[in-house]
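Structure below is query_19.cif: mmCIF, C-alpha atoms.
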data_final
#
loop_
_atom_site.label_atom_id
_atom_site.label_comp_id
_atom_site.auth_asym_id
_atom_site.auth_seq_id
_atom_site.Cartn_x
_atom_site.Cartn_y
_atom_site.Cartn_z
CA MET A 3 75.79 113.08 18.77
CA GLY A 4 72.58 112.46 20.75
CA THR A 5 69.19 111.83 19.25
CA LYS A 6 68.28 112.64 15.66
CA VAL A 7 64.89 112.55 14.02
CA ALA A 8 64.62 112.03 10.29
CA ARG A 9 61.26 113.51 9.27
CA THR A 10 59.60 113.77 5.93
CA VAL A 11 60.87 116.21 3.38
CA GLU A 12 58.29 118.91 2.57
CA GLY A 13 56.02 117.70 -0.20
CA ARG A 14 56.84 114.01 0.27
CA ARG A 15 54.68 111.85 2.49
CA ALA A 16 52.72 114.37 4.54
CA PHE A 17 51.85 111.77 7.17
CA ARG A 18 53.84 108.76 8.28
CA ALA A 19 51.94 106.25 10.31
CA HIS A 20 54.94 104.68 12.06
CA THR A 21 58.03 105.64 13.99
CA VAL A 22 61.12 103.43 14.12
CA LEU A 23 63.78 104.14 16.74
CA VAL A 24 67.35 102.84 16.31
CA ALA A 25 69.78 102.72 19.25
CA ASP A 26 73.45 102.13 18.41
CA ASP A 27 76.61 103.54 19.94
CA GLN A 28 78.43 103.64 16.58
CA PRO A 29 77.80 106.95 14.74
CA GLU A 30 78.68 105.42 11.36
CA ILE A 31 75.97 102.76 11.77
CA LEU A 32 73.37 105.39 12.68
CA SER A 33 74.43 107.54 9.74
CA SER A 34 74.28 104.58 7.37
CA LEU A 35 70.80 103.63 8.56
CA ARG A 36 69.55 107.22 8.25
CA ARG A 37 70.79 107.31 4.66
CA LEU A 38 69.37 103.89 3.83
CA LEU A 39 65.95 104.42 5.42
CA ARG A 40 65.33 108.10 4.63
CA ASP A 41 62.81 107.34 1.86
CA GLU A 42 60.97 104.63 3.76
CA PRO A 43 57.32 105.21 4.79
CA TYR A 44 58.05 105.84 8.47
CA ASP A 45 59.81 108.37 10.67
CA LEU A 46 63.26 107.30 11.81
CA VAL A 47 64.72 108.33 15.16
CA THR A 48 68.34 107.51 15.99
CA CYS A 49 69.83 107.50 19.48
CA ASP A 50 73.48 106.93 20.31
CA SER A 51 72.77 105.32 23.69
CA PRO A 52 70.16 103.13 25.37
CA THR A 53 69.47 105.86 27.95
CA LYS A 54 68.60 108.37 25.21
CA ALA A 55 66.41 105.75 23.55
CA LEU A 56 64.48 105.20 26.79
CA GLU A 57 64.13 108.95 27.28
CA TRP A 58 62.72 109.30 23.75
CA LEU A 59 60.32 106.40 24.32
CA ALA A 60 59.06 107.96 27.54
CA GLU A 61 57.99 111.09 25.63
CA ASN A 62 57.04 109.80 22.16
CA PRO A 63 55.09 106.92 20.64
CA VAL A 64 57.32 104.42 18.83
CA ASP A 65 56.24 101.40 16.80
CA MET A 66 59.59 99.63 16.55
CA VAL A 67 62.90 99.74 18.39
CA ILE A 68 66.03 98.38 16.72
CA ALA A 69 68.93 98.08 19.18
CA ASP A 70 72.55 97.13 18.69
CA GLU A 71 73.32 94.18 20.96
CA ARG A 72 76.78 95.33 22.05
CA MET A 73 76.75 98.82 23.48
CA PRO A 74 78.91 100.04 26.38
CA GLU A 75 76.03 101.19 28.57
CA MET A 76 73.85 98.06 28.31
CA ARG A 77 73.13 95.18 25.97
CA GLY A 78 70.56 95.80 23.27
CA SER A 79 68.53 92.83 24.50
CA ASP A 80 68.45 94.39 27.98
CA LEU A 81 67.21 97.65 26.46
CA LEU A 82 64.56 95.73 24.55
CA GLU A 83 63.50 93.94 27.72
CA LYS A 84 62.86 97.38 29.27
CA VAL A 85 60.94 98.32 26.12
CA ARG A 86 58.83 95.17 26.46
CA GLU A 87 58.05 96.03 30.09
CA GLY A 88 57.18 99.68 29.41
CA TRP A 89 55.74 99.48 25.90
CA PRO A 90 54.68 95.86 25.26
CA ARG A 91 53.14 96.56 21.84
CA THR A 92 56.40 97.97 20.46
CA ILE A 93 58.22 95.69 18.02
CA ARG A 94 61.70 94.82 19.33
CA VAL A 95 64.61 94.01 16.98
CA ILE A 96 68.26 93.21 17.77
CA LEU A 97 70.95 94.44 15.38
CA THR A 98 74.18 92.54 15.92
CA GLY A 99 77.53 91.75 14.35
CA TYR A 100 77.68 88.62 16.53
CA PRO A 101 74.57 86.55 15.71
CA GLY A 102 75.69 83.49 17.68
CA SER A 103 73.51 81.15 19.67
CA SER A 104 74.05 83.00 22.97
CA THR A 105 72.88 86.29 21.40
CA VAL A 106 69.81 84.57 19.95
CA ALA A 107 69.03 82.79 23.23
CA HIS A 108 69.41 85.94 25.32
CA GLY A 109 67.33 87.90 22.81
CA LEU A 110 64.52 85.36 22.89
CA GLU A 111 64.53 85.42 26.70
CA SER A 112 64.25 89.22 26.54
CA GLY A 113 61.24 89.14 24.23
CA VAL A 114 63.00 90.19 21.03
CA SER A 115 60.76 89.99 17.93
CA TRP A 116 63.52 89.70 15.31
CA LEU A 117 67.29 89.56 14.87
CA ILE A 118 69.17 91.35 12.07
CA SER A 119 72.85 90.68 11.57
CA LYS A 120 75.57 93.17 10.61
CA PRO A 121 76.49 93.69 7.91
CA TRP A 122 72.93 93.70 6.64
CA ASN A 123 71.53 93.41 3.15
CA ASP A 124 69.92 96.81 2.42
CA ASP A 125 66.88 95.45 0.60
CA ALA A 126 66.31 92.66 3.12
CA LEU A 127 66.52 95.16 5.99
CA LYS A 128 63.95 97.47 4.39
CA ILE A 129 61.61 94.57 3.63
CA THR A 130 61.94 93.13 7.14
CA ILE A 131 61.10 96.44 8.80
CA ARG A 132 58.11 96.99 6.51
CA GLN A 133 56.84 93.43 7.04
CA LEU A 134 57.12 93.68 10.83
CA LEU A 135 55.23 96.99 10.80
CA ASP A 136 52.59 95.61 8.40
CA GLU A 137 52.13 92.54 10.59
CA ARG A 138 51.67 94.77 13.63
CA ASP A 139 49.04 96.80 11.76
CA ARG A 140 47.20 93.62 10.75
CA ARG A 141 47.16 92.41 14.35
CA LYS A 142 45.83 95.77 15.56
CA LYS A 143 43.05 95.68 12.94
CA THR A 144 42.13 92.10 13.88
CA VAL A 145 41.87 93.02 17.57
CA ALA A 146 39.84 96.14 16.75
CA ALA A 147 37.49 94.12 14.51
CA ALA A 148 37.01 91.48 17.21
CA GLN A 149 36.23 94.17 19.79
CA SER A 150 33.81 95.78 17.37
CA ARG A 151 32.05 92.43 16.82
CA GLU A 152 31.76 91.98 20.59
CA VAL A 153 30.10 95.39 20.89
CA ASP A 154 27.88 94.68 17.89
CA SER A 155 26.73 91.31 19.27
CA ALA A 156 26.04 92.85 22.70
CA ASP A 157 23.97 95.59 21.04
CA PHE A 158 22.19 93.01 18.92
CA CYS A 159 21.27 90.94 21.98
CA GLU A 160 20.10 94.00 23.88
CA GLN A 161 17.91 95.19 20.97
CA ALA A 162 16.57 91.74 20.01
CA ALA A 163 12.77 91.47 20.00
CA ILE A 164 12.89 88.02 21.55
CA PRO A 165 13.60 87.56 25.27
CA LEU A 166 17.23 86.63 25.99
CA CYS A 167 18.90 86.03 29.34
CA SER A 168 21.89 84.42 30.98
CA ILE A 169 21.26 82.33 34.07
CA GLY A 170 23.95 81.43 36.62
CA ALA A 171 24.56 77.95 38.03
CA ASP A 172 22.52 78.88 41.12
CA GLY A 173 19.50 79.86 39.00
CA THR A 174 19.86 83.62 39.30
CA ILE A 175 19.52 85.81 36.24
CA LEU A 176 22.92 87.29 35.43
CA TRP A 177 21.83 89.31 32.41
CA ALA A 178 18.59 89.95 30.54
CA ASN A 179 17.79 92.02 27.48
CA ARG A 180 14.89 94.49 27.30
CA ALA A 181 12.44 91.93 25.89
CA GLU A 182 13.21 89.52 28.74
CA LEU A 183 12.83 92.27 31.35
CA GLU A 184 9.43 93.23 29.88
CA LEU A 185 8.37 89.57 29.91
CA LEU A 186 9.35 89.37 33.58
CA GLY A 187 7.44 92.55 34.33
CA TYR A 188 10.33 94.90 35.00
#

Go ahead and express the file in the form of structure tokens.
Amino acid sequence: MGTKVARTVEGRRAFRAHTVLVADDQPEILSSLRRLLRDEPYDLVTCDSPTKALEWLAENPVDMVIADERMPEMRGSDLLEKVREGWPRTIRVILTGYPGSSTVAHGLESGVSWLISKPWNDDALKITIRQLLDERDRRKKTVAAAQSREVDSADFCEQAAIPLCSIGADGTILWANRAELELLGY
């Protein structure tokens, strides 16, 4: 079976901002998810093994990985731990038919973001994926805005007409804006 990519149909969404990768060893689960998620606002990639998922991740940006917990090659939570190590900003979700306390505990230790049980509710699954992606986007925007404010405040301080400086505990000047340097005769 291998890896399959479900892309947009010509004329539908010309650009999808996200990619979701699903790793499951059961072809019927992958087929069901492709059918269910084909009209969602993201590209869907399905892999029938953790190794193929890791190979795909090494070559392509992915926003979310959904992994079946029980696969012959390795546990989904172990795959997601590798995802966390290699791609820490990727959302990690366990898909399991056995949502017991040991699965939850192992998933949390492996840095899993969310757990979805099989059989899933179609609408709840779609909403959960969208919400996780939206939350990730909000976090990215917040970080970008904070970084922008830091740059803006640094520029403001540098351009300020009044002398500004930062002095270390030993009395040395650590930083001075242009006005301060002019005042000091530099």

Could you name the residues that touch stretch 31-44 of chain A at 8 Å or less, counting only C-alpha atoms, but leaving out those on the same chain fewer than 3 positions away, as a short mmCIF file (atom, residue, chain, number, x, y, z; two decimals) with C-alpha atoms, in the frame of the given file?
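The file below, out13.cif, is the result:
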data_model
loop_
_atom_site.label_atom_id
_atom_site.label_comp_id
_atom_site.auth_asym_id
_atom_site.auth_seq_id
_atom_site.Cartn_x
_atom_site.Cartn_y
_atom_site.Cartn_z
CA ALA A 8 64.62 112.03 10.29
CA ARG A 15 54.68 111.85 2.49
CA ARG A 18 53.84 108.76 8.28
CA ALA A 19 51.94 106.25 10.31
CA HIS A 20 54.94 104.68 12.06
CA THR A 21 58.03 105.64 13.99
CA VAL A 22 61.12 103.43 14.12
CA VAL A 24 67.35 102.84 16.31
CA ALA A 25 69.78 102.72 19.25
CA ASP A 26 73.45 102.13 18.41
CA GLN A 28 78.43 103.64 16.58
CA THR A 48 68.34 107.51 15.99
CA CYS A 49 69.83 107.50 19.48
CA ASP A 50 73.48 106.93 20.31
CA ASP A 124 69.92 96.81 2.42
CA LYS A 128 63.95 97.47 4.39
#

Hey, what comes out of the PyMOL selection byres ((chain A and resi 83-91) around 10) on this file? Could you write it as a PDB file with C-alpha atoms, in the coordinates of the input?
ATOM      1  CA  ALA A  55      66.410 105.750  23.550  1.00  0.00           C
ATOM      2  CA  LEU A  56      64.480 105.200  26.790  1.00  0.00           C
ATOM      3  CA  LEU A  59      60.320 106.400  24.320  1.00  0.00           C
ATOM      4  CA  ALA A  60      59.060 107.960  27.540  1.00  0.00           C
ATOM      5  CA  PRO A  63      55.090 106.920  20.640  1.00  0.00           C
ATOM      6  CA  VAL A  64      57.320 104.420  18.830  1.00  0.00           C
ATOM      7  CA  ASP A  65      56.240 101.400  16.800  1.00  0.00           C
ATOM      8  CA  MET A  66      59.590  99.630  16.550  1.00  0.00           C
ATOM      9  CA  VAL A  67      62.900  99.740  18.390  1.00  0.00           C
ATOM     10  CA  ARG A  77      73.130  95.180  25.970  1.00  0.00           C
ATOM     11  CA  GLY A  78      70.560  95.800  23.270  1.00  0.00           C
ATOM     12  CA  SER A  79      68.530  92.830  24.500  1.00  0.00           C
ATOM     13  CA  ASP A  80      68.450  94.390  27.980  1.00  0.00           C
ATOM     14  CA  LEU A  81      67.210  97.650  26.460  1.00  0.00           C
ATOM     15  CA  LEU A  82      64.560  95.730  24.550  1.00  0.00           C
ATOM     16  CA  THR A  92      56.400  97.970  20.460  1.00  0.00           C
ATOM     17  CA  ILE A  93      58.220  95.690  18.020  1.00  0.00           C
ATOM     18  CA  ARG A  94      61.700  94.820  19.330  1.00  0.00           C
ATOM     19  CA  GLY A 109      67.330  87.900  22.810  1.00  0.00           C
ATOM     20  CA  LEU A 110      64.520  85.360  22.890  1.00  0.00           C
ATOM     21  CA  GLU A 111      64.530  85.420  26.700  1.00  0.00           C
ATOM     22  CA  SER A 112      64.250  89.220  26.540  1.00  0.00           C
ATOM     23  CA  GLY A 113      61.240  89.140  24.230  1.00  0.00           C
ATOM     24  CA  VAL A 114      63.000  90.190  21.030  1.00  0.00           C
ATOM     25  CA  ARG A 138      51.670  94.770  13.630  1.00  0.00           C
ATOM     26  CA  LYS A 142      45.830  95.770  15.560  1.00  0.00           C
TER      27      LYS A 142
END

Hey, which of A:Leu135, A:Ser119, A:Asp157, A:Pro52 ends up closest to A:Met73? Count all atoms listed in the file.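 Smallest separation from A:Met73 among the options: A:Pro52.
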
Which value, in Å to one decimal, gives the distance between atom CA of A:Thr53 and atom CA of A:Arg132?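 Calculated distance between atom CA of A:Thr53 and atom CA of A:Arg132 is 25.8 Å.
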
Mind pulling up the distance from atom CA of A:Gly4 to atom CA of A:Glu75?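 Distance reported for this atom pair: 14.1 Å.
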